[in-house]
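So this one's entry18.csv, CSV, C-alpha atoms:
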```
chain,number,residue,atom,x,y,z
A,1347,MET,CA,13.8,6.5,2.6
A,1348,ARG,CA,15.2,8.7,5.4
A,1349,ILE,CA,12.5,11.2,6.5
A,1350,LEU,CA,13.5,14.1,8.8
A,1351,LEU,CA,10.7,15.3,11.1
A,1352,ASP,CA,10.8,19.0,12.1
A,1353,THR,CA,10.1,19.8,15.8
A,1354,ASN,CA,6.5,21.0,14.9
A,1355,ILE,CA,5.8,17.5,13.6
A,1356,PHE,CA,7.4,15.5,16.4
A,1357,ILE,CA,5.7,17.3,19.3
A,1358,PRO,CA,2.0,16.8,18.1
A,1359,LEU,CA,2.9,13.3,17.1
A,1360,GLU,CA,3.8,12.6,20.8
A,1361,ASP,CA,1.0,14.7,22.3
A,1362,SER,CA,-1.5,12.2,23.7
A,1363,SER,CA,-3.8,14.9,25.0
A,1364,ASN,CA,-5.1,15.8,21.5
A,1365,LEU,CA,-6.5,13.8,18.6
A,1366,LEU,CA,-3.8,12.7,16.2
A,1367,ASP,CA,-4.0,14.4,12.7
A,1368,GLU,CA,-5.2,11.8,10.2
A,1369,GLY,CA,-2.4,12.7,7.7
A,1370,LEU,CA,0.2,12.3,10.4
A,1371,ALA,CA,-1.2,9.0,11.4
A,1372,ASN,CA,-1.1,7.8,7.8
A,1373,LEU,CA,2.5,9.1,7.4
A,1374,VAL,CA,3.7,7.1,10.5
A,1375,GLN,CA,1.7,4.0,9.5
A,1376,LYS,CA,3.2,3.9,6.0
A,1377,ALA,CA,6.7,4.7,7.2
A,1378,SER,CA,6.5,1.8,9.7
A,1379,GLN,CA,4.9,-0.6,7.2
A,1380,HIS,CA,7.5,0.0,4.5
A,1381,ALA,CA,10.6,0.4,6.7
A,1382,HIS,CA,11.3,4.1,6.1
A,1383,ASN,CA,13.4,5.8,8.8
A,1384,LEU,CA,11.9,8.6,10.8
A,1385,LEU,CA,14.6,10.9,12.1
A,1386,VAL,CA,15.0,14.0,14.1
A,1387,HIS,CA,17.8,16.5,13.9
A,1388,PRO,CA,19.9,17.0,17.1
A,1389,ALA,CA,19.1,20.7,16.8
A,1390,SER,CA,15.5,19.9,17.5
A,1391,ILE,CA,16.6,19.1,21.1
A,1392,GLU,CA,17.6,22.8,21.4
A,1393,ASP,CA,14.1,23.8,20.3
A,1394,ILE,CA,12.5,21.6,23.0
A,1395,GLU,CA,15.0,22.7,25.7
A,1396,ARG,CA,13.9,26.4,25.2
A,1397,ASP,CA,10.3,25.4,26.3
A,1398,LYS,CA,9.7,27.3,29.6
A,1399,ASN,CA,7.1,24.7,30.6
A,1400,LEU,CA,9.3,22.3,32.6
A,1401,GLN,CA,6.8,19.5,32.7
A,1402,ARG,CA,6.1,19.6,28.9
A,1403,ARG,CA,9.8,20.0,28.2
A,1404,GLY,CA,10.6,16.9,30.2
A,1405,VAL,CA,7.9,14.8,28.5
A,1406,SER,CA,9.0,15.9,25.0
A,1407,LEU,CA,12.7,15.1,25.7
A,1408,SER,CA,11.8,11.7,27.1
A,1409,ARG,CA,9.8,10.8,24.1
A,1410,LEU,CA,12.4,12.1,21.7
A,1411,SER,CA,14.7,9.3,22.8
A,1412,LYS,CA,12.6,6.7,20.9
A,1413,TYR,CA,13.5,8.4,17.6
A,1414,GLN,CA,16.7,8.0,15.6
A,1415,LEU,CA,18.8,11.1,15.8
A,1416,LEU,CA,20.5,12.2,12.6
A,1417,GLU,CA,24.1,11.2,13.2
A,1418,ASP,CA,26.8,13.8,12.8
A,1419,PRO,CA,24.7,16.3,10.8
A,1420,PRO,CA,26.7,18.7,8.6
A,1421,ASP,CA,27.6,21.9,10.4
A,1422,PHE,CA,26.2,25.1,8.9
A,1423,CYS,CA,29.3,27.4,9.1
A,1424,LEU,CA,29.2,31.2,8.6
A,1425,GLU,CA,30.7,31.0,5.2
A,1426,GLU,CA,27.9,28.7,4.0
A,1427,GLN,CA,25.3,30.9,5.5
A,1428,GLU,CA,26.6,33.9,3.6
A,1429,ARG,CA,26.9,31.9,0.3
A,1430,LEU,CA,23.4,30.6,0.6
A,1431,GLY,CA,22.0,33.9,1.8
A,1432,LEU,CA,20.2,32.5,4.8
A,1433,LYS,CA,19.7,34.9,7.8
A,1434,GLN,CA,20.4,33.7,11.3
A,1435,GLN,CA,19.2,36.3,13.7
A,1436,LYS,CA,17.4,34.1,16.3
A,1437,ASP,CA,17.9,30.7,17.8
A,1438,ASN,CA,14.9,29.5,15.8
A,1439,ASP,CA,16.7,30.6,12.6
A,1440,ARG,CA,19.8,28.7,13.5
A,1441,VAL,CA,17.8,25.5,14.1
A,1442,ASP,CA,15.8,25.9,10.9
A,1443,ASN,CA,19.0,26.5,8.9
A,1444,LEU,CA,20.7,23.4,10.4
A,1445,ILE,CA,17.7,21.3,9.5
A,1446,LEU,CA,17.6,22.6,5.9
A,1447,TYR,CA,21.3,22.3,5.5
A,1448,ALA,CA,21.2,18.6,6.4
A,1449,LEU,CA,18.6,18.2,3.6
A,1450,LEU,CA,20.7,20.2,1.2
A,1451,ARG,CA,23.7,18.0,1.9
A,1452,ASP,CA,21.6,14.9,1.3
A,1453,ALA,CA,21.8,13.5,4.8
A,1454,VAL,CA,18.1,12.7,4.4
A,1455,ASP,CA,15.7,12.3,1.5
A,1456,ILE,CA,12.9,14.6,2.6
A,1457,LEU,CA,11.9,17.0,5.4
A,1458,VAL,CA,8.4,17.1,6.9
A,1459,THR,CA,7.4,20.4,8.4
A,1460,GLU,CA,4.3,22.6,8.8
A,1461,ASP,CA,6.6,25.7,9.3
A,1462,ARG,CA,5.8,28.1,6.4
A,1463,GLY,CA,9.0,29.9,7.1
A,1464,LEU,CA,11.0,26.7,6.4
A,1465,HIS,CA,9.0,26.2,3.2
A,1466,ARG,CA,9.9,29.8,2.1
A,1467,LYS,CA,13.6,29.1,2.8
A,1468,ALA,CA,13.2,25.8,0.8
A,1469,ILE,CA,12.1,27.9,-2.2
A,1470,GLN,CA,15.3,30.0,-1.8
A,1471,LEU,CA,17.4,26.9,-1.7
A,1472,GLU,CA,15.5,25.2,-4.6
A,1473,LEU,CA,14.5,22.4,-2.2
A,1474,THR,CA,10.7,22.6,-2.6
A,1475,ASP,CA,10.4,19.1,-4.1
A,1476,ARG,CA,11.9,17.7,-0.9
A,1477,VAL,CA,10.3,19.8,1.8
A,1478,HIS,CA,6.7,18.6,2.4
A,1479,TYR,CA,3.7,19.3,4.5
A,1480,ILE,CA,2.2,16.4,6.4
A,1481,GLN,CA,-0.5,15.7,3.8
A,1482,GLN,CA,2.1,15.8,1.0
A,1483,THR,CA,4.3,13.2,2.7
A,1484,ALA,CA,1.3,11.0,3.5
A,1485,GLU,CA,0.2,11.1,-0.2
A,1486,LEU,CA,3.8,10.6,-1.4
A,1487,LEU,CA,4.1,7.4,0.6
A,1488,ARG,CA,0.6,6.2,-0.4
A,1489,LYS,CA,1.4,6.6,-4.1
A,1490,LEU,CA,4.9,5.1,-3.6
A,1491,HIS,CA,3.5,1.9,-2.0
A,1492,SER,CA,0.0,1.6,-3.4
A,1493,LYS,CA,-0.5,-1.7,-5.2
A,1494,GLU,CA,-2.9,-2.3,-8.1
A,1495,PRO,CA,-4.8,-5.5,-7.3
A,1496,VAL,CA,-5.4,-8.3,-9.8
A,1497,TYR,CA,-9.0,-9.5,-10.5
A,1498,LEU,CA,-9.4,-12.9,-12.1
A,1499,PRO,CA,-12.3,-15.3,-11.9
A,1500,SER,CA,-12.1,-18.0,-9.1
A,1501,ILE,CA,-8.7,-16.6,-7.9
A,1502,LYS,CA,-8.4,-14.9,-4.5
A,1503,ASP,CA,-5.5,-12.8,-3.4
A,1504,VAL,CA,-4.9,-13.5,0.3
A,1505,PRO,CA,-2.2,-13.0,2.9
A,1506,THR,CA,-0.3,-16.2,3.6
A,1507,HIS,CA,-1.0,-16.0,7.4
A,1508,SER,CA,-4.7,-16.5,6.6
A,1509,LEU,CA,-4.1,-20.0,5.3
A,1510,ASP,CA,-4.5,-23.2,7.3
A,1511,ILE,CA,-1.5,-25.3,6.5
A,1512,LYS,CA,-3.1,-28.2,8.2
A,1513,ASP,CA,-5.3,-28.6,5.2
A,1514,THR,CA,-4.5,-31.8,3.2
A,1515,PHE,CA,-3.7,-29.6,0.2
A,1516,PHE,CA,-0.4,-28.7,1.8
A,1517,GLU,CA,0.8,-32.3,2.4
A,1518,SER,CA,2.8,-32.5,-0.8
A,1519,LEU,CA,4.4,-29.1,-0.1
A,1520,ARG,CA,5.2,-30.3,3.4
A,1521,ALA,CA,6.9,-33.3,1.9
A,1522,ASP,CA,8.9,-31.2,-0.6
A,1523,TYR,CA,10.2,-28.8,2.1
A,1524,HIS,CA,10.5,-31.4,4.9
A,1525,PRO,CA,11.7,-30.9,7.6
A,1526,GLU,CA,11.7,-27.1,7.1
A,1527,PHE,CA,8.2,-26.6,5.9
A,1528,GLU,CA,6.9,-25.0,9.1
A,1529,LEU,CA,9.8,-22.6,9.4
A,1530,TRP,CA,9.6,-21.7,5.7
A,1531,PHE,CA,5.8,-21.0,5.9
A,1532,ALA,CA,6.2,-19.0,9.1
A,1533,LYS,CA,8.9,-16.9,7.3
A,1534,CYS,CA,6.4,-16.2,4.5
A,1535,CYS,CA,3.8,-15.1,7.0
A,1536,ARG,CA,6.2,-12.9,8.9
A,1537,GLU,CA,7.4,-11.2,5.8
A,1538,GLY,CA,3.8,-10.4,4.9
A,1539,ARG,CA,3.9,-12.4,1.6
A,1540,LYS,CA,0.6,-12.9,-0.3
A,1541,ALA,CA,-0.7,-15.7,-2.4
A,1542,TRP,CA,-3.1,-16.3,-5.3
A,1543,ILE,CA,-5.3,-19.2,-4.3
A,1544,TYR,CA,-7.9,-21.3,-6.1
A,1545,PHE,CA,-10.6,-22.4,-3.6
A,1546,ASP,CA,-13.4,-24.9,-4.0
A,1547,ARG,CA,-17.0,-24.1,-2.9
A,1548,GLU,CA,-16.1,-25.2,0.7
A,1549,ASP,CA,-13.2,-22.8,0.8
A,1550,HIS,CA,-10.5,-25.6,0.6
A,1551,PRO,CA,-7.5,-24.6,-1.4
A,1552,HIS,CA,-6.6,-26.6,-4.5
A,1553,ALA,CA,-3.9,-24.4,-6.1
A,1554,ILE,CA,-1.5,-21.8,-4.8
A,1555,CYS,CA,1.0,-19.3,-6.0
A,1556,ILE,CA,2.9,-17.4,-3.3
A,1557,TYR,CA,4.6,-14.3,-4.6
A,1558,LYS,CA,6.8,-11.4,-3.5
A,1559,GLU,CA,8.5,-8.3,-4.9
A,1560,GLU,CA,12.3,-8.1,-4.9
A,1561,GLU,CA,14.8,-5.4,-5.8
A,1562,GLN,CA,17.6,-6.6,-8.0
A,1563,PRO,CA,17.5,-10.2,-6.8
A,1564,VAL,CA,20.3,-12.7,-7.0
A,1565,VAL,CA,18.7,-15.6,-8.8
A,1566,SER,CA,21.3,-18.2,-9.5
A,1567,ASN,CA,24.1,-20.2,-7.9
A,1568,ASP,CA,26.6,-18.1,-9.9
A,1569,ASN,CA,25.2,-14.9,-8.4
A,1570,ARG,CA,23.5,-13.6,-11.5
A,1571,VAL,CA,21.3,-10.6,-10.8
A,1572,LEU,CA,18.0,-9.4,-12.4
A,1573,LEU,CA,18.2,-5.7,-12.7
A,1574,GLY,CA,15.4,-3.5,-11.3
A,1575,ARG,CA,12.3,-4.6,-9.5
A,1576,ALA,CA,11.2,-8.2,-10.0
A,1577,LEU,CA,8.2,-10.4,-9.0
A,1578,LYS,CA,9.2,-13.8,-7.7
A,1579,LEU,CA,6.8,-16.7,-7.8
A,1580,CYS,CA,8.0,-18.4,-4.7
A,1581,THR,CA,5.7,-21.4,-4.7
A,1582,PHE,CA,3.6,-22.7,-7.6
A,1583,LYS,CA,1.4,-25.7,-7.0
A,1584,VAL,CA,-1.8,-26.9,-8.7
A,1585,GLY,CA,-3.5,-29.9,-7.0
A,1586,GLU,CA,-4.4,-33.0,-9.0
A,1587,ALA,CA,-8.1,-32.5,-8.4
A,1588,VAL,CA,-8.2,-29.3,-10.5
A,1589,ARG,CA,-5.5,-30.1,-13.1
A,1590,GLY,CA,-6.8,-29.5,-16.7
A,1591,ARG,CA,-8.8,-26.4,-15.6
A,1592,LYS,CA,-6.1,-23.9,-16.7
A,1593,ILE,CA,-5.6,-22.8,-13.1
A,1594,GLY,CA,-1.8,-22.5,-13.6
A,1595,GLU,CA,-2.4,-20.3,-16.6
A,1596,LEU,CA,-4.7,-18.1,-14.5
A,1597,PHE,CA,-1.8,-17.7,-12.0
A,1598,LEU,CA,0.6,-16.6,-14.7
A,1599,LYS,CA,-2.0,-14.1,-16.1
A,1600,ALA,CA,-2.3,-12.8,-12.5
A,1601,ALA,CA,1.5,-12.4,-12.3
A,1602,PHE,CA,1.7,-10.6,-15.6
A,1603,GLN,CA,-1.1,-8.3,-14.7
A,1604,TYR,CA,0.4,-7.5,-11.3
A,1605,ALA,CA,3.9,-6.8,-12.8
A,1606,SER,CA,2.4,-4.5,-15.4
A,1607,ASN,CA,0.1,-2.7,-13.0
A,1608,ASN,CA,2.9,-2.1,-10.5
A,1609,GLY,CA,5.8,-1.3,-12.8
A,1610,LEU,CA,7.9,-4.4,-12.2
A,1611,GLU,CA,10.5,-5.2,-14.8
A,1612,SER,CA,10.7,-9.0,-14.6
A,1613,ILE,CA,9.0,-12.1,-13.3
A,1614,TYR,CA,10.9,-15.2,-12.3
A,1615,LEU,CA,10.6,-18.6,-10.5
A,1616,THR,CA,12.9,-21.4,-9.7
A,1617,MET,CA,12.1,-25.1,-10.4
A,1618,LYS,CA,13.5,-28.6,-10.6
A,1619,PRO,CA,12.9,-29.6,-14.2
A,1620,GLU,CA,13.2,-33.3,-13.3
A,1621,LYS,CA,10.2,-32.9,-11.0
A,1622,GLN,CA,8.3,-30.0,-12.6
A,1623,GLY,CA,8.5,-30.7,-16.3
A,1624,HIS,CA,4.9,-29.8,-16.8
A,1625,LEU,CA,5.4,-26.4,-15.1
A,1626,GLN,CA,8.5,-25.7,-17.2
A,1627,ASP,CA,6.5,-26.4,-20.4
A,1628,MET,CA,3.7,-24.1,-19.3
A,1629,VAL,CA,5.8,-21.2,-18.3
A,1630,GLU,CA,7.8,-21.4,-21.5
A,1631,GLU,CA,4.6,-21.1,-23.5
A,1632,PHE,CA,4.0,-17.8,-21.6
A,1633,GLY,CA,7.5,-16.5,-22.7
A,1634,PHE,CA,9.7,-17.5,-19.8
A,1635,ARG,CA,13.2,-18.5,-20.7
A,1636,PHE,CA,16.0,-20.3,-18.9
A,1637,TYR,CA,18.2,-17.8,-17.1
A,1638,SER,CA,20.7,-19.7,-15.0
A,1639,GLU,CA,21.2,-22.6,-12.7
```
The structure in this file should be written as structure tokens.
Amino acid sequence: MRILLDTNIFIPLEDSSNLLDEGLANLVQKASQHAHNLLVHPASIEDIERDKNLQRRGVSLSRLSKYQLLEDPPDFCLEEQERLGLKQQKDNDRVDNLILYALLRDAVDILVTEDRGLHRKAIQLELTDRVHYIQQTAELLRKLHSKEPVYLPSIKDVPTHSLDIKDTFFESLRADYHPEFELWFAKCCREGRKAWIYFDREDHPHAICIYKEEEQPVVSNDNRVLLGRALKLCTFKVGEAVRGRKIGELFLKAAFQYASNNGLESIYLTMKPEKQGHLQDMVEEFGFRFYSE
């Protein structure tokens, strides 16, 4: 999502002399965590350059450089002003109109501003659902990315980086992935993947299912695509010491609960039938079907 920040959002965000608004902190955190783009309109530079406090102006302009500027924003010509009925009597009006016009032309998804005048103009342009106050945006991102956890007996949901891959449980996985196991596991950790784990009483893992969400993934050698959002079960291993305890079935129940709770449309995994015949039989009992090679 491309999120345009008004000048009255950018300036307090960069003002280290005051406590940062909690909603603004949540907004920035969620945007960073989920790779949303925070942009500023080039017209905001004009706003800052009108500041008569030279020191403050210099600081604001220097910090503005770390934000992505909206590239080649649409020009709000006189004809469009008249057609939309937006007045432009002051410099501030001109900046506001340029910012709103960029939103109207879909150069960004939403605009964040505490300026009530901009919100009134948004009503006039029928853009109220895309012009948000700080708290509205923070709540939007929270709802958009909130995950409903899965609770099952004996199964823990943990980040992959919390696991000790030197544990003997990982030796067979290391053999399967050799010589790329370390690189593969590091990639899982850096991507923030999570795993359902079955631990014994001494907190040693005995079964693991690493999972991740994907958007319209390519799932076969012939480039077949699963439409919509999908849950991939990246790694599925049940150790010999706990086989027969239905741990694999618990993992699959966790996968179905997670997909249902979070609006995912499909679940898939890849396997080698010649080596994972038992896994194939189990997932087929749960309704999985062969899709493609």
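Atom CA of A:Ser1492 is found 18.3 Å from atom CA of A:Trp1542.
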Find the smallest box with edges along x, y and z containing every listed atom of stretch 1443-1456 of chain A, then add 5 Å on each side and report centre and edge lengths in Å to one decimal, as AutoDock Vina command-line options.
```
--center_x 18.3 --center_y 19.4 --center_z 5.8 --size_x 20.8 --size_y 24.2 --size_z 19.2
```
**Contact residues around A:Gly1633 with all atoms listed in the file at 12 Å, ignoring same-chain residues under 4 positions, as a list in words** = Leu1598, Lys1599, Phe1602, Ser1612, Ile1613, Tyr1614, Gln1626, Asp1627, Met1628 and Val1629 of chain A
Using the selection just defined, write its residues with C-alpha atoms as a PDB file, in the coordinates of the input.
```pdb
ATOM      1  CA  LEU A1598       0.600 -16.600 -14.700  1.00  0.00           C
ATOM      2  CA  LYS A1599      -2.000 -14.100 -16.100  1.00  0.00           C
ATOM      3  CA  PHE A1602       1.700 -10.600 -15.600  1.00  0.00           C
ATOM      4  CA  SER A1612      10.700  -9.000 -14.600  1.00  0.00           C
ATOM      5  CA  ILE A1613       9.000 -12.100 -13.300  1.00  0.00           C
ATOM      6  CA  TYR A1614      10.900 -15.200 -12.300  1.00  0.00           C
ATOM      7  CA  GLN A1626       8.500 -25.700 -17.200  1.00  0.00           C
ATOM      8  CA  ASP A1627       6.500 -26.400 -20.400  1.00  0.00           C
ATOM      9  CA  MET A1628       3.700 -24.100 -19.300  1.00  0.00           C
ATOM     10  CA  VAL A1629       5.800 -21.200 -18.300  1.00  0.00           C
TER      11      VAL A1629
END
```
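With distances restricted to all atoms listed in the file, A:Ala1389 is the closest residue to A:Asn1443 from A:Ile1394, A:Met1347, A:Leu1415, A:Ala1389.
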**Message:** Give me, as a PyMOL selection string, all polymer residues having an atom no more than 7 Å from stretch 1572-1588 of chain A, counting all atoms listed in the file and skipping those fewer than 4 positions away in the same chain.
**Reply:** chain A and resi 1552-1564+1594+1605+1610-1615
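Take atom CA of A:Ile1355 and atom CA of A:Val1458: the distance between them is 7.2 Å.
The shortest atom-to-atom distance to A:Ala1541, with only C-alpha atoms taken into account, belongs to A:Thr1506 out of A:Thr1506, A:Gln1375, A:Gln1470, A:Asn1567.
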**Request:** Neighbourhood query: residues within 12 Å of (-6.9, -11.2, 4.4), file coordinates, counting all atoms listed in the file; return as a count of residues only.
**Result:** 15
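Minimum atom-to-atom distances from A:Asp1421, A:Val1477, A:Leu1490, A:Val1374 to A:Gly1609 were compared using all atoms listed in the file, and the lowest value belongs to A:Leu1490.
Distances here use all atoms listed in the file; by that measure, the residue among A:Leu1444, A:Ile1391, A:Ala1381, A:Lys1493 closest to A:Ser1606 is A:Lys1493.
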**Prompt:** Of the candidates A:Ser1378, A:Lys1433, A:Glu1392, A:Thr1474, which one gets nearest to A:Leu1487 if we count only C-alpha atoms?
**Reply:** A:Ser1378
**Asked** For A:Phe1597, which of A:Phe1356, A:Tyr1447, A:Phe1515, A:Phe1632 is the closest residue, counting all atoms listed in the file?
**Response** A:Phe1632
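Counting from atom CA of A:Asp1393, the distance to atom CA of A:Asp1437 is 8.3 Å.
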**Request:** Name the residues in contact with A:Leu1432 at a cut-off of 9 Å, using only C-alpha atoms, excluding same-chain residues fewer than 3 positions from it; report them as number ranges by chain.
**Result:** A: 1426-1429, 1439, 1443, 1467, 1470
**Prompt:** If you count all atoms listed in the file, which residues fall within 9 Å of A:Glu1460, apart from same-chain ones fewer than 5 positions away, as a ChimeraX atom specification?
**Reply:** /A:1352,1354-1355,1465,1478-1480
